[in-house]
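K.L.:
Sending over a structure as structure tokens; questions will come in a sec.
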Amino acid sequence: KTGNFGNNVALERNKNKINLTSDIPFSKRYLKYMTKKYLKKNNLRDWLRVVANNKESYELRYFQINNEDEEEDEDE
């Protein structure tokens, strides 16, 4: 539910990065789940994916749509 974490979880934005800091145990897997849920709710799930770039962080990347275009060109 909204506001469930209260003041225990804080988000801060630096240019194109968002940092989440938590005073309570907060699993990386749960963060990925919540991010996917947000993307689906806002119809962005078809364009963006959540990728682990190291042990402590995730990043959002665009799906590589160029591969589909190349396959269509080869069929012609």
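Convention: chains lettered A, B, ... in structure tokens order; per-chain residue numbering from 1; ligands numbered from 1 as shown.
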Residues within 10 Å of A:Phe63, please, as an mmCIF file with C-alpha atoms, in the first residue's frame. Count only C-alpha atoms; anything in the same chain fewer than 5 positions from it doesn't count.

P.N.:
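Done, and the output landed in result.cif:
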data_model
loop_
_atom_site.group_PDB
_atom_site.id
_atom_site.type_symbol
_atom_site.label_atom_id
_atom_site.label_comp_id
_atom_site.auth_asym_id
_atom_site.auth_seq_id
_atom_site.Cartn_x
_atom_site.Cartn_y
_atom_site.Cartn_z
ATOM 1 C CA ARG A 45 6.749 -2.558 -20.150
ATOM 2 C CA ASP A 46 6.859 -3.158 -23.923
ATOM 3 C CA TRP A 47 9.671 -0.608 -24.320
ATOM 4 C CA LEU A 48 11.810 -0.886 -21.187
ATOM 5 C CA ARG A 49 13.271 -3.775 -19.235
ATOM 6 C CA VAL A 50 14.928 -4.022 -15.819
#

K.L.:
Name the residues in contact with stretch 5-18 of chain A at a cut-off of 9 Å, using only C-alpha atoms, excluding same-chain residues fewer than 6 positions from it; report them as JSON, numbers by chain.

P.N.:
{"A": [24, 26, 59]}

K.L.:
One decimal, Å: what's the distance from atom CA of A:Ile65 over to atom CA of A:Asn43, could you say?

P.N.:
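Atom-to-atom, atom CA of A:Ile65 to atom CA of A:Asn43, that is 16.8 Å.
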
K.L.:
Can you list, as an MDAnalysis selection string, all residues belonging to chain A that DSSP tags as strand (DSSP E)?

P.N.:
chainID A and resid 9:14 17:22 48:54 57:62

K.L.:
Any chance you can output those residues with N, CA and C atoms as a PDB file, in the first residue's frame?

P.N.:
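Okay, this is what ended up in result18.pdb:
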ATOM      1  N   VAL A   9      12.112   4.438   3.943  1.00  0.00           N
ATOM      2  CA  VAL A   9      12.657   4.335   2.590  1.00  0.00           C
ATOM      3  C   VAL A   9      12.663   5.722   1.969  1.00  0.00           C
ATOM      4  N   ALA A  10      13.807   6.087   1.381  1.00  0.00           N
ATOM      5  CA  ALA A  10      13.929   7.405   0.758  1.00  0.00           C
ATOM      6  C   ALA A  10      14.428   7.262  -0.673  1.00  0.00           C
ATOM      7  N   LEU A  11      13.858   8.065  -1.561  1.00  0.00           N
ATOM      8  CA  LEU A  11      14.292   8.111  -2.954  1.00  0.00           C
ATOM      9  C   LEU A  11      14.906   9.474  -3.217  1.00  0.00           C
ATOM     10  N   GLU A  12      16.021   9.482  -3.926  1.00  0.00           N
ATOM     11  CA  GLU A  12      16.579  10.757  -4.359  1.00  0.00           C
ATOM     12  C   GLU A  12      17.070  10.623  -5.790  1.00  0.00           C
ATOM     13  N   ARG A  13      16.923  11.705  -6.541  1.00  0.00           N
ATOM     14  CA  ARG A  13      17.252  11.676  -7.960  1.00  0.00           C
ATOM     15  C   ARG A  13      18.465  12.551  -8.241  1.00  0.00           C
ATOM     16  N   ASN A  14      19.426  12.004  -8.985  1.00  0.00           N
ATOM     17  CA  ASN A  14      20.601  12.735  -9.441  1.00  0.00           C
ATOM     18  C   ASN A  14      20.682  12.585 -10.952  1.00  0.00           C
ATOM     19  N   LYS A  17      19.834   9.175 -12.580  1.00  0.00           N
ATOM     20  CA  LYS A  17      19.871   8.050 -11.641  1.00  0.00           C
ATOM     21  C   LYS A  17      18.910   8.300 -10.492  1.00  0.00           C
ATOM     22  N   ILE A  18      18.325   7.224 -10.006  1.00  0.00           N
ATOM     23  CA  ILE A  18      17.463   7.287  -8.828  1.00  0.00           C
ATOM     24  C   ILE A  18      18.075   6.384  -7.774  1.00  0.00           C
ATOM     25  N   ASN A  19      18.337   6.932  -6.598  1.00  0.00           N
ATOM     26  CA  ASN A  19      18.919   6.160  -5.499  1.00  0.00           C
ATOM     27  C   ASN A  19      17.852   5.882  -4.450  1.00  0.00           C
ATOM     28  N   LEU A  20      17.755   4.630  -4.057  1.00  0.00           N
ATOM     29  CA  LEU A  20      16.833   4.221  -3.017  1.00  0.00           C
ATOM     30  C   LEU A  20      17.656   3.829  -1.801  1.00  0.00           C
ATOM     31  N   THR A  21      17.401   4.481  -0.676  1.00  0.00           N
ATOM     32  CA  THR A  21      18.073   4.119   0.572  1.00  0.00           C
ATOM     33  C   THR A  21      17.008   3.682   1.575  1.00  0.00           C
ATOM     34  N   SER A  22      17.353   2.664   2.349  1.00  0.00           N
ATOM     35  CA  SER A  22      16.381   2.074   3.254  1.00  0.00           C
ATOM     36  C   SER A  22      16.997   1.841   4.627  1.00  0.00           C
ATOM     37  N   LEU A  48      10.695  -0.878 -22.134  1.00  0.00           N
ATOM     38  CA  LEU A  48      11.810  -0.886 -21.187  1.00  0.00           C
ATOM     39  C   LEU A  48      11.885  -2.216 -20.455  1.00  0.00           C
ATOM     40  N   ARG A  49      13.087  -2.579 -20.059  1.00  0.00           N
ATOM     41  CA  ARG A  49      13.271  -3.775 -19.235  1.00  0.00           C
ATOM     42  C   ARG A  49      14.210  -3.450 -18.086  1.00  0.00           C
ATOM     43  N   VAL A  50      14.115  -4.219 -17.014  1.00  0.00           N
ATOM     44  CA  VAL A  50      14.928  -4.022 -15.819  1.00  0.00           C
ATOM     45  C   VAL A  50      16.088  -5.008 -15.880  1.00  0.00           C
ATOM     46  N   VAL A  51      17.320  -4.469 -15.804  1.00  0.00           N
ATOM     47  CA  VAL A  51      18.518  -5.295 -15.934  1.00  0.00           C
ATOM     48  C   VAL A  51      19.441  -5.014 -14.754  1.00  0.00           C
ATOM     49  N   ALA A  52      19.980  -6.074 -14.149  1.00  0.00           N
ATOM     50  CA  ALA A  52      20.961  -5.908 -13.073  1.00  0.00           C
ATOM     51  C   ALA A  52      22.310  -5.596 -13.711  1.00  0.00           C
ATOM     52  N   ASN A  53      22.874  -4.416 -13.389  1.00  0.00           N
ATOM     53  CA  ASN A  53      24.176  -4.074 -13.966  1.00  0.00           C
ATOM     54  C   ASN A  53      25.321  -4.360 -13.004  1.00  0.00           C
ATOM     55  N   ASN A  54      25.032  -4.550 -11.728  1.00  0.00           N
ATOM     56  CA  ASN A  54      26.005  -5.061 -10.764  1.00  0.00           C
ATOM     57  C   ASN A  54      25.244  -5.635  -9.569  1.00  0.00           C
ATOM     58  N   SER A  57      22.648  -2.937  -7.894  1.00  0.00           N
ATOM     59  CA  SER A  57      21.808  -1.984  -8.610  1.00  0.00           C
ATOM     60  C   SER A  57      21.162  -2.582  -9.855  1.00  0.00           C
ATOM     61  N   TYR A  58      20.132  -1.893 -10.299  1.00  0.00           N
ATOM     62  CA  TYR A  58      19.427  -2.210 -11.533  1.00  0.00           C
ATOM     63  C   TYR A  58      19.484  -0.996 -12.436  1.00  0.00           C
ATOM     64  N   GLU A  59      19.262  -1.212 -13.706  1.00  0.00           N
ATOM     65  CA  GLU A  59      19.085  -0.101 -14.631  1.00  0.00           C
ATOM     66  C   GLU A  59      17.986  -0.471 -15.615  1.00  0.00           C
ATOM     67  N   LEU A  60      17.367   0.554 -16.173  1.00  0.00           N
ATOM     68  CA  LEU A  60      16.337   0.351 -17.179  1.00  0.00           C
ATOM     69  C   LEU A  60      16.977   0.489 -18.547  1.00  0.00           C
ATOM     70  N   ARG A  61      16.693  -0.456 -19.420  1.00  0.00           N
ATOM     71  CA  ARG A  61      17.225  -0.416 -20.785  1.00  0.00           C
ATOM     72  C   ARG A  61      16.081  -0.594 -21.766  1.00  0.00           C
ATOM     73  N   TYR A  62      16.250   0.017 -22.927  1.00  0.00           N
ATOM     74  CA  TYR A  62      15.287  -0.198 -24.004  1.00  0.00           C
ATOM     75  C   TYR A  62      15.488  -1.584 -24.589  1.00  0.00           C
TER      76      TYR A  62
END

K.L.:
Just how far from atom CA of A:Gly3 is atom CA of A:Lys32, in Å to one decimal?

P.N.:
18.5 Å

K.L.:
From the DSSP assignment of the backbone, select every residue of chain A that is helix (DSSP H, G or I), and format the answer as a ChimeraX atom specification.

P.N.:
/A:28-41,66-75

K.L.:
Could the residues in this selection be written to a file with C-alpha atoms, as a PDB file, in the first residue's frame?

P.N.:
ATOM      1  CA  LYS A  28      16.685  -6.129  -4.500  1.00  0.00           C
ATOM      2  CA  ARG A  29      14.201  -8.624  -5.931  1.00  0.00           C
ATOM      3  CA  TYR A  30      11.271  -6.658  -4.443  1.00  0.00           C
ATOM      4  CA  LEU A  31      12.595  -3.461  -6.015  1.00  0.00           C
ATOM      5  CA  LYS A  32      12.672  -5.210  -9.402  1.00  0.00           C
ATOM      6  CA  TYR A  33       9.109  -6.454  -8.871  1.00  0.00           C
ATOM      7  CA  MET A  34       7.858  -2.963  -7.994  1.00  0.00           C
ATOM      8  CA  THR A  35       9.667  -1.438 -10.980  1.00  0.00           C
ATOM      9  CA  LYS A  36       8.121  -3.958 -13.370  1.00  0.00           C
ATOM     10  CA  LYS A  37       4.701  -3.321 -11.858  1.00  0.00           C
ATOM     11  CA  TYR A  38       5.136   0.444 -12.353  1.00  0.00           C
ATOM     12  CA  LEU A  39       6.258  -0.012 -15.968  1.00  0.00           C
ATOM     13  CA  LYS A  40       3.272  -2.242 -16.733  1.00  0.00           C
ATOM     14  CA  LYS A  41       0.827   0.183 -15.115  1.00  0.00           C
ATOM     15  CA  ASN A  66      16.753  -3.174 -34.331  1.00  0.00           C
ATOM     16  CA  ASN A  67      17.082  -6.974 -34.467  1.00  0.00           C
ATOM     17  CA  GLU A  68      13.481  -7.327 -35.622  1.00  0.00           C
ATOM     18  CA  ASP A  69      14.039  -4.776 -38.419  1.00  0.00           C
ATOM     19  CA  GLU A  70      17.096  -6.677 -39.666  1.00  0.00           C
ATOM     20  CA  GLU A  71      15.166  -9.959 -39.726  1.00  0.00           C
ATOM     21  CA  GLU A  72      12.441  -8.371 -41.857  1.00  0.00           C
ATOM     22  CA  ASP A  73      15.063  -7.096 -44.337  1.00  0.00           C
ATOM     23  CA  GLU A  74      16.581 -10.573 -44.663  1.00  0.00           C
ATOM     24  CA  ASP A  75      13.207 -12.115 -45.501  1.00  0.00           C
TER      25      ASP A  75
END
